[in-house]
Amino acid sequence: MSSRAANRRRSILLHLFLAPLALIWLFPLWMMAVFSTMPDRGIFSPDIEMLPHGNFLDNVQNLQRDTDFIGAIVTSVFVATTYTFLSVLLTSMAGWALSRYQFFGKGAVVAIILGTITLPYFVVVIPQFIMVARDFHLANTWVALIVPPLFNSLGVLFMRQSFSMMPHELFDAARVEGVKEWRIFLYVALPLARPTLAALAIILFLASWNNYLWPLLINSKPGAMTAPVALGTLIGLTKVSWGGIMAGAMMLTAPMLVVFVLLQRHFIAGIAAGAVK
Amino acid sequence: MAGVSLKNVVKRFGVYTIIHGASLDVADGEFVVFVGPSGCGKSTLLRMIAGLEDISDGEIAIGGKVVNDVEPADRSIAMVFQSYALYPHMSVEQNLSFGLRMTGNDKADTDKRVKRAAGILRITELMGRKPRQLSGGQRQRVAIGRAIVREPEVFLFDEPLSNLDAELRVQMRVEIARLHKELGTTMIYVTHDQTEAMTLADRIVVLRAGHIEQIGRPLDLYDDPNNQFVAGFVGSPKMNFIGGRVIDRDQSSATIELAGRETTRLRQPLTGPIPEPGSKVVVGVRPEHFGDAGAGDADLHVNVDVVEHLGSTSFLYARTLAGDDVVIQRDAAAVGNDAAEATVSIRRSYLFDENGLRLR
């Protein structure tokens, strides 16, 4: 009985500590929701409003008129989905090769992949832009949006780890049975890596969905922009449409929040796997 | 069906040699067991026969065909792994048929083979279950079933029973023996459990540190071991070793004084070279080769530490006056509960030289 009471007290104390942290984290999201329902004028009124108004649809209409935001969201969905599918496929194949096969220079390959993680993205982005836009003439194309970030070093190491932890006797058994290597990968290894694949897919999808800098640089053609870039165009030199931006941000964030809540178990597991193992 | 032949097979990992030139002929339909302590190279040797490990030197032939560079799948073998290696995301039926389906085998034939294997192993009612829904023994049966559907010429077993509890192990051991009788296929079986080796094998191969120590039928190894290692490894409880010294010899025998007791002398008939007086030797006595005092070749006085009564028989865990630990098997009726000392006779013994080689 006393230990139950102690547990309860500990739980209350913990929540007293966590609740303010949760509020701090939720506050910007709440204000984004509030601002998305206010006219531009209201946002900068001296009295800070804490409750939603009724201007959300007006803001969305303005947003659609200025940027074809629905079209941009469709582009974003297409880019993020294609990118996630291809990247998961590519990184898992690379991870499989690095986990299962012994070949000359394997250590060096792993070291190089590991090394690329330590490079800040901003060091890579300019040479990457020059290569894609000037040398390959791929600016303003789907390929430029999807292909350059496809090879994800973290994903490769993530998948390599996952395959390495599987009992190798499973693959030996399949080999003895005469199953071809690519079929072992497809029918034995990949199904067993499903939790890792799910976590990786969520992380990659979010990364692509939120990506701003690369799409901004490589794809500024009106009508083919991704949603975050389209939102960025609302920040003009003389006028910034905050109501529209906040409504767009709401539309971009809400589905991701739902996905996160539904799949958070995989998401957290994925982050932990990357962090600890 | 096919035999397996190993000629001077060597395995090196970098600078370390794991298998030092193993040579062996396994006859068609024979059940051969590789036995030895962990790390002796028995599993490596099996994996080399399977093609899962490269051969550093030498030659392996299956059915008369050298298979050094042949893929595992093309060696007409099937292997059962220690961990069962069942595909966890597939049902029993899918596990059994996976290999055949993936290699484009005719569907009707695959179904027929799967049904036959399931029938042999009595797992027909488990076909829809996933491996996690099976007990250890059932998993092992499915793993064996997966080997059977391949209709191989040689079965390879890598410590298949070591994950099972004692009772189930005995049961599965009998099943494997039955399977061998039913299929008549060549089987090579790796274990560190000498009881499994003794009960299953037509012939046993005893390995130590990558060397084949002795090859022979179970009772031959038991009755006529070549060295102290084999003598100690085969038989349960293991053979007792008592230190001694040659004090006299004639043309066909040596007289041994057992360490610490002037009066305990043992006369050993020998046909080979007889060690000189003064040489140190080791006398091996199996637990069941002790008898009543005065009834054997020599008497041995021991201090008894523990007595184990197993019903029909009893084991005395004791110490000789020179400090050697011995296990003595006696009839339950001949042993009291609180015997602190005992005198037993040595009815039969083996003699080993200082390097552990058998003196015959």
# chains A, B, ... in the order shown; residues from 1 in each chain; ligands from 1

$ residues_around --residues "range 109-126 of chain B" --least-positions-apart "2" --cutoff "7 Å" --atoms "only C-alpha atoms" --output "VMD selection string"
chain B and resid 92 96 to 97 100 105 to 107 128 to 129 141 145 148 to 149

$ closest_atom_pairs --of "chain B" --to "chain A" --cutoff "7 Å" --atoms "only C-alpha atoms" --output "CSV"
residue,atom,partner,partner_atom,distance
B:Pro72,CA,A:Val176,CA,5.0
B:Ala73,CA,A:Gly178,CA,4.3
B:Ala78,CA,A:Val176,CA,6.6
B:Ala85,CA,A:Leu170,CA,4.8
B:Leu86,CA,A:Leu170,CA,6.7
B:Tyr87,CA,A:Leu170,CA,6.7
B:Gly99,CA,A:Glu177,CA,5.0
B:Met102,CA,A:Val179,CA,5.8
B:Thr103,CA,A:Val179,CA,6.2

$ residues_around --residues "Ser38 in chain B" --least-positions-apart "5" --cutoff "10 Å" --atoms "only C-alpha atoms" --output "NGL selection string"
:B and (43 or 191-192 or 207-209)

$ residues_around --residues "Ile77 in chain B" --least-positions-apart "6" --cutoff "7 Å" --atoms "only C-alpha atoms" --output "mmCIF file with N, CA and C atoms, in the first residue's frame"
data_model
loop_
_atom_site.group_PDB
_atom_site.id
_atom_site.type_symbol
_atom_site.label_atom_id
_atom_site.label_comp_id
_atom_site.auth_asym_id
_atom_site.auth_seq_id
_atom_site.Cartn_x
_atom_site.Cartn_y
_atom_site.Cartn_z
ATOM 1 N N ALA B 50 29.173 -28.361 -45.928
ATOM 2 C CA ALA B 50 27.954 -27.733 -46.468
ATOM 3 C C ALA B 50 28.271 -26.694 -47.534
ATOM 4 N N PRO B 152 17.733 -34.680 -49.907
ATOM 5 C CA PRO B 152 19.183 -34.571 -50.145
ATOM 6 C C PRO B 152 19.853 -35.944 -50.110
ATOM 7 N N GLU B 153 21.090 -35.965 -50.559
ATOM 8 C CA GLU B 153 21.850 -37.216 -50.475
ATOM 9 C C GLU B 153 22.600 -37.291 -49.157
ATOM 10 N N VAL B 154 22.834 -36.113 -48.553
ATOM 11 C CA VAL B 154 23.524 -36.082 -47.258
ATOM 12 C C VAL B 154 22.809 -35.088 -46.337
ATOM 13 N N PHE B 155 22.494 -35.540 -45.134
ATOM 14 C CA PHE B 155 21.947 -34.634 -44.120
ATOM 15 C C PHE B 155 23.077 -34.156 -43.222
#

$ residues_around --residues "Ser45 in chain A" --least-positions-apart "6" --cutoff "12 Å" --atoms "only C-alpha atoms" --output "list in words"
Phe35, Met38 and Pro39 of chain A

$ residues_around --residues "range 291-303 of chain B" --least-positions-apart "3" --cutoff "12 Å" --atoms "only C-alpha atoms" --output "PDB file with C-alpha atoms, in the first residue's frame"
ATOM      1  CA  ILE B 242      44.980 -42.094 -11.437  1.00  0.00           C
ATOM      2  CA  THR B 255      53.886 -53.524 -12.712  1.00  0.00           C
ATOM      3  CA  ILE B 256      52.486 -50.144 -11.769  1.00  0.00           C
ATOM      4  CA  GLU B 257      52.559 -48.553  -8.380  1.00  0.00           C
ATOM      5  CA  LEU B 258      49.626 -46.212  -7.970  1.00  0.00           C
ATOM      6  CA  ALA B 259      50.667 -42.889  -6.541  1.00  0.00           C
ATOM      7  CA  GLY B 260      50.760 -42.678  -2.782  1.00  0.00           C
ATOM      8  CA  ARG B 261      50.219 -46.331  -1.908  1.00  0.00           C
ATOM      9  CA  GLU B 262      53.141 -48.683  -1.886  1.00  0.00           C
ATOM     10  CA  THR B 263      50.835 -51.646  -1.529  1.00  0.00           C
ATOM     11  CA  THR B 264      48.503 -50.842  -4.407  1.00  0.00           C
ATOM     12  CA  ARG B 265      50.141 -52.449  -7.366  1.00  0.00           C
ATOM     13  CA  LEU B 266      48.671 -53.183 -10.716  1.00  0.00           C
ATOM     14  CA  ARG B 267      49.913 -55.656 -13.275  1.00  0.00           C
ATOM     15  CA  GLN B 268      49.243 -54.659 -16.864  1.00  0.00           C
ATOM     16  CA  PRO B 269      49.660 -57.075 -19.754  1.00  0.00           C
ATOM     17  CA  VAL B 283      46.011 -45.512 -15.143  1.00  0.00           C
ATOM     18  CA  VAL B 285      39.604 -46.902 -14.808  1.00  0.00           C
ATOM     19  CA  ARG B 286      35.990 -46.575 -15.865  1.00  0.00           C
ATOM     20  CA  PRO B 287      33.533 -46.105 -12.957  1.00  0.00           C
ATOM     21  CA  GLU B 288      31.910 -49.457 -13.681  1.00  0.00           C
ATOM     22  CA  VAL B 306      29.412 -37.901  -1.713  1.00  0.00           C
ATOM     23  CA  VAL B 307      27.242 -40.895  -2.539  1.00  0.00           C
ATOM     24  CA  LEU B 316      30.618 -42.762  -5.068  1.00  0.00           C
ATOM     25  CA  TYR B 317      32.413 -39.451  -5.572  1.00  0.00           C
ATOM     26  CA  ALA B 318      35.685 -40.093  -3.783  1.00  0.00           C
ATOM     27  CA  ARG B 319      39.354 -39.208  -3.517  1.00  0.00           C
ATOM     28  CA  THR B 320      42.327 -41.561  -3.559  1.00  0.00           C
ATOM     29  CA  LEU B 321      44.912 -41.284  -0.797  1.00  0.00           C
ATOM     30  CA  ALA B 322      47.158 -39.491  -3.321  1.00  0.00           C
ATOM     31  CA  GLY B 323      44.417 -36.932  -3.971  1.00  0.00           C
ATOM     32  CA  ASP B 324      43.066 -38.045  -7.381  1.00  0.00           C
ATOM     33  CA  ASP B 325      39.291 -37.571  -7.743  1.00  0.00           C
ATOM     34  CA  VAL B 326      37.486 -40.748  -8.732  1.00  0.00           C
ATOM     35  CA  VAL B 327      33.894 -41.742  -9.466  1.00  0.00           C
ATOM     36  CA  ILE B 328      33.044 -45.316  -8.564  1.00  0.00           C
ATOM     37  CA  GLN B 329      29.932 -47.142  -9.700  1.00  0.00           C
ATOM     38  CA  ARG B 330      28.638 -49.827  -7.314  1.00  0.00           C
ATOM     39  CA  ASP B 331      25.490 -51.793  -6.783  1.00  0.00           C
ATOM     40  CA  ALA B 334      26.792 -52.711  -1.651  1.00  0.00           C
ATOM     41  CA  VAL B 335      26.930 -49.044  -0.598  1.00  0.00           C
ATOM     42  CA  ASP B 338      27.288 -42.753   5.184  1.00  0.00           C
ATOM     43  CA  ALA B 339      30.370 -44.628   4.008  1.00  0.00           C
ATOM     44  CA  ALA B 340      33.364 -42.361   4.686  1.00  0.00           C
ATOM     45  CA  GLU B 341      36.004 -44.762   3.434  1.00  0.00           C
ATOM     46  CA  ALA B 342      35.962 -47.619   1.017  1.00  0.00           C
ATOM     47  CA  THR B 343      38.298 -50.142  -0.510  1.00  0.00           C
ATOM     48  CA  VAL B 344      37.509 -51.197  -4.034  1.00  0.00           C
ATOM     49  CA  SER B 345      39.338 -53.318  -6.547  1.00  0.00           C
ATOM     50  CA  ILE B 346      40.308 -52.351 -10.064  1.00  0.00           C
ATOM     51  CA  ARG B 347      38.861 -55.017 -12.333  1.00  0.00           C
ATOM     52  CA  ARG B 348      39.904 -53.516 -15.634  1.00  0.00           C
ATOM     53  CA  SER B 349      42.173 -50.603 -16.512  1.00  0.00           C
TER      54      SER B 349
END

$ select_by_dssp --residues "range 130-233 of chain B" --states "alpha helix (DSSP H)" --output "ChimeraX atom specification"
/B:136-148,166-183,194-200,218-223,228-233

$ closest_residue --among "A:Ala133, A:Ala72, A:Ile218, A:Val124" --to "Ala230 in chain A" --atoms "only C-alpha atoms"
A:Ala72

$ closest_residue --among "B:Thr199, B:Gln194, B:Asn355, B:Gln171" --to "Gln228 in chain B" --atoms "only C-alpha atoms"
B:Asn355

$ atom_distance --atom1 "CA of Leu234 in chain A" --atom2 "CA of Pro222 in chain A"
12.7 Å

$ residues_around --residues "Met79 in chain B" --least-positions-apart "3" --cutoff "7 Å" --atoms "only C-alpha atoms" --output "PDB file with N, CA and C atoms, in the first residue's frame"
ATOM      1  N   ALA B 147      14.689 -29.893 -44.084  1.00  0.00           N
ATOM      2  CA  ALA B 147      15.798 -30.620 -44.703  1.00  0.00           C
ATOM      3  C   ALA B 147      15.280 -31.802 -45.527  1.00  0.00           C
ATOM      4  N   PHE B 155      22.494 -35.540 -45.134  1.00  0.00           N
ATOM      5  CA  PHE B 155      21.947 -34.634 -44.120  1.00  0.00           C
ATOM      6  C   PHE B 155      23.077 -34.156 -43.222  1.00  0.00           C
ATOM      7  N   LEU B 156      23.094 -32.863 -42.932  1.00  0.00           N
ATOM      8  CA  LEU B 156      24.080 -32.326 -41.999  1.00  0.00           C
ATOM      9  C   LEU B 156      23.331 -31.743 -40.802  1.00  0.00           C
ATOM     10  N   PHE B 157      23.701 -32.169 -39.615  1.00  0.00           N
ATOM     11  CA  PHE B 157      23.049 -31.660 -38.403  1.00  0.00           C
ATOM     12  C   PHE B 157      24.088 -30.927 -37.561  1.00  0.00           C
TER      13      PHE B 157
END

$ closest_residue --among "A:Phe17, A:Trp214, A:Tyr121, A:Phe56" --to "Ser36 in chain A" --atoms "only C-alpha atoms"
A:Phe56

$ atom_distance --atom1 "CA of Leu216 in chain A" --atom2 "CA of Val125 in chain A"
11.4 Å

$ closest_residue --among "B:His289, B:Arg217, B:Arg169, B:Arg101" --to "Pro237 in chain B" --atoms "only C-alpha atoms"
B:His289

$ closest_residue --among "A:Met131, A:Ile126, A:Ala249, A:Ile112" --to "Ala144 in chain A" --atoms "only C-alpha atoms"
A:Met131

$ select_by_dssp --residues "range 181-234 of chain B" --states "strand (DSSP E)" --output "list in words"
Thr186, Met187, Ile188, Tyr189, Val190, Thr191, Arg203, Ile204, Val205, Val206, Leu207, Arg208, His211, Ile212, Glu213, Gln214, Ile215 and Gly216 of chain B

$ write_last_selection --atoms "N, CA and C atoms" --output "mmCIF file, in the first residue's frame"
data_model
loop_
_atom_site.group_PDB
_atom_site.id
_atom_site.type_symbol
_atom_site.label_atom_id
_atom_site.label_comp_id
_atom_site.auth_asym_id
_atom_site.auth_seq_id
_atom_site.Cartn_x
_atom_site.Cartn_y
_atom_site.Cartn_z
ATOM 1 N N THR B 186 22.792 -40.800 -45.906
ATOM 2 C CA THR B 186 24.020 -40.448 -45.190
ATOM 3 C C THR B 186 23.738 -39.271 -44.255
ATOM 4 N N MET B 187 24.178 -39.379 -43.016
ATOM 5 C CA MET B 187 23.962 -38.269 -42.075
ATOM 6 C C MET B 187 25.260 -37.960 -41.357
ATOM 7 N N ILE B 188 25.575 -36.675 -41.274
ATOM 8 C CA ILE B 188 26.724 -36.236 -40.483
ATOM 9 C C ILE B 188 26.185 -35.302 -39.407
ATOM 10 N N TYR B 189 26.551 -35.584 -38.196
ATOM 11 C CA TYR B 189 25.883 -34.962 -37.052
ATOM 12 C C TYR B 189 26.950 -34.413 -36.114
ATOM 13 N N VAL B 190 26.822 -33.160 -35.736
ATOM 14 C CA VAL B 190 27.802 -32.541 -34.839
ATOM 15 C C VAL B 190 27.189 -32.377 -33.448
ATOM 16 N N THR B 191 27.921 -32.759 -32.439
ATOM 17 C CA THR B 191 27.442 -32.552 -31.078
ATOM 18 C C THR B 191 28.625 -32.467 -30.124
ATOM 19 N N ARG B 203 29.489 -44.492 -36.676
ATOM 20 C CA ARG B 203 30.885 -44.229 -36.330
ATOM 21 C C ARG B 203 30.993 -42.828 -35.719
ATOM 22 N N ILE B 204 31.926 -42.694 -34.797
ATOM 23 C CA ILE B 204 32.150 -41.403 -34.149
ATOM 24 C C ILE B 204 33.513 -40.873 -34.571
ATOM 25 N N VAL B 205 33.569 -39.570 -34.831
ATOM 26 C CA VAL B 205 34.845 -38.907 -35.087
ATOM 27 C C VAL B 205 35.106 -37.979 -33.907
ATOM 28 N N VAL B 206 36.141 -38.252 -33.140
ATOM 29 C CA VAL B 206 36.434 -37.402 -31.981
ATOM 30 C C VAL B 206 37.450 -36.345 -32.397
ATOM 31 N N LEU B 207 37.087 -35.086 -32.180
ATOM 32 C CA LEU B 207 37.963 -33.978 -32.564
ATOM 33 C C LEU B 207 38.453 -33.235 -31.340
ATOM 34 N N ARG B 208 39.698 -32.763 -31.441
ATOM 35 C CA ARG B 208 40.214 -31.871 -30.403
ATOM 36 C C ARG B 208 41.118 -30.853 -31.067
ATOM 37 N N HIS B 211 42.148 -31.279 -34.656
ATOM 38 C CA HIS B 211 42.741 -32.557 -35.062
ATOM 39 C C HIS B 211 41.716 -33.666 -34.844
ATOM 40 N N ILE B 212 41.684 -34.636 -35.775
ATOM 41 C CA ILE B 212 40.869 -35.827 -35.532
ATOM 42 C C ILE B 212 41.671 -36.742 -34.606
ATOM 43 N N GLU B 213 41.134 -37.011 -33.433
ATOM 44 C CA GLU B 213 41.857 -37.825 -32.455
ATOM 45 C C GLU B 213 41.650 -39.312 -32.709
ATOM 46 N N GLN B 214 40.435 -39.687 -33.053
ATOM 47 C CA GLN B 214 40.154 -41.101 -33.312
ATOM 48 C C GLN B 214 38.828 -41.218 -34.056
ATOM 49 N N ILE B 215 38.760 -42.207 -34.934
ATOM 50 C CA ILE B 215 37.508 -42.509 -35.640
ATOM 51 C C ILE B 215 37.167 -43.960 -35.357
ATOM 52 N N GLY B 216 35.947 -44.235 -34.994
ATOM 53 C CA GLY B 216 35.608 -45.640 -34.764
ATOM 54 C C GLY B 216 34.162 -45.816 -34.361
#

$ atom_distance --atom1 "CA of Ser76 in chain B" --atom2 "CA of Glu182 in chain B"
18.6 Å
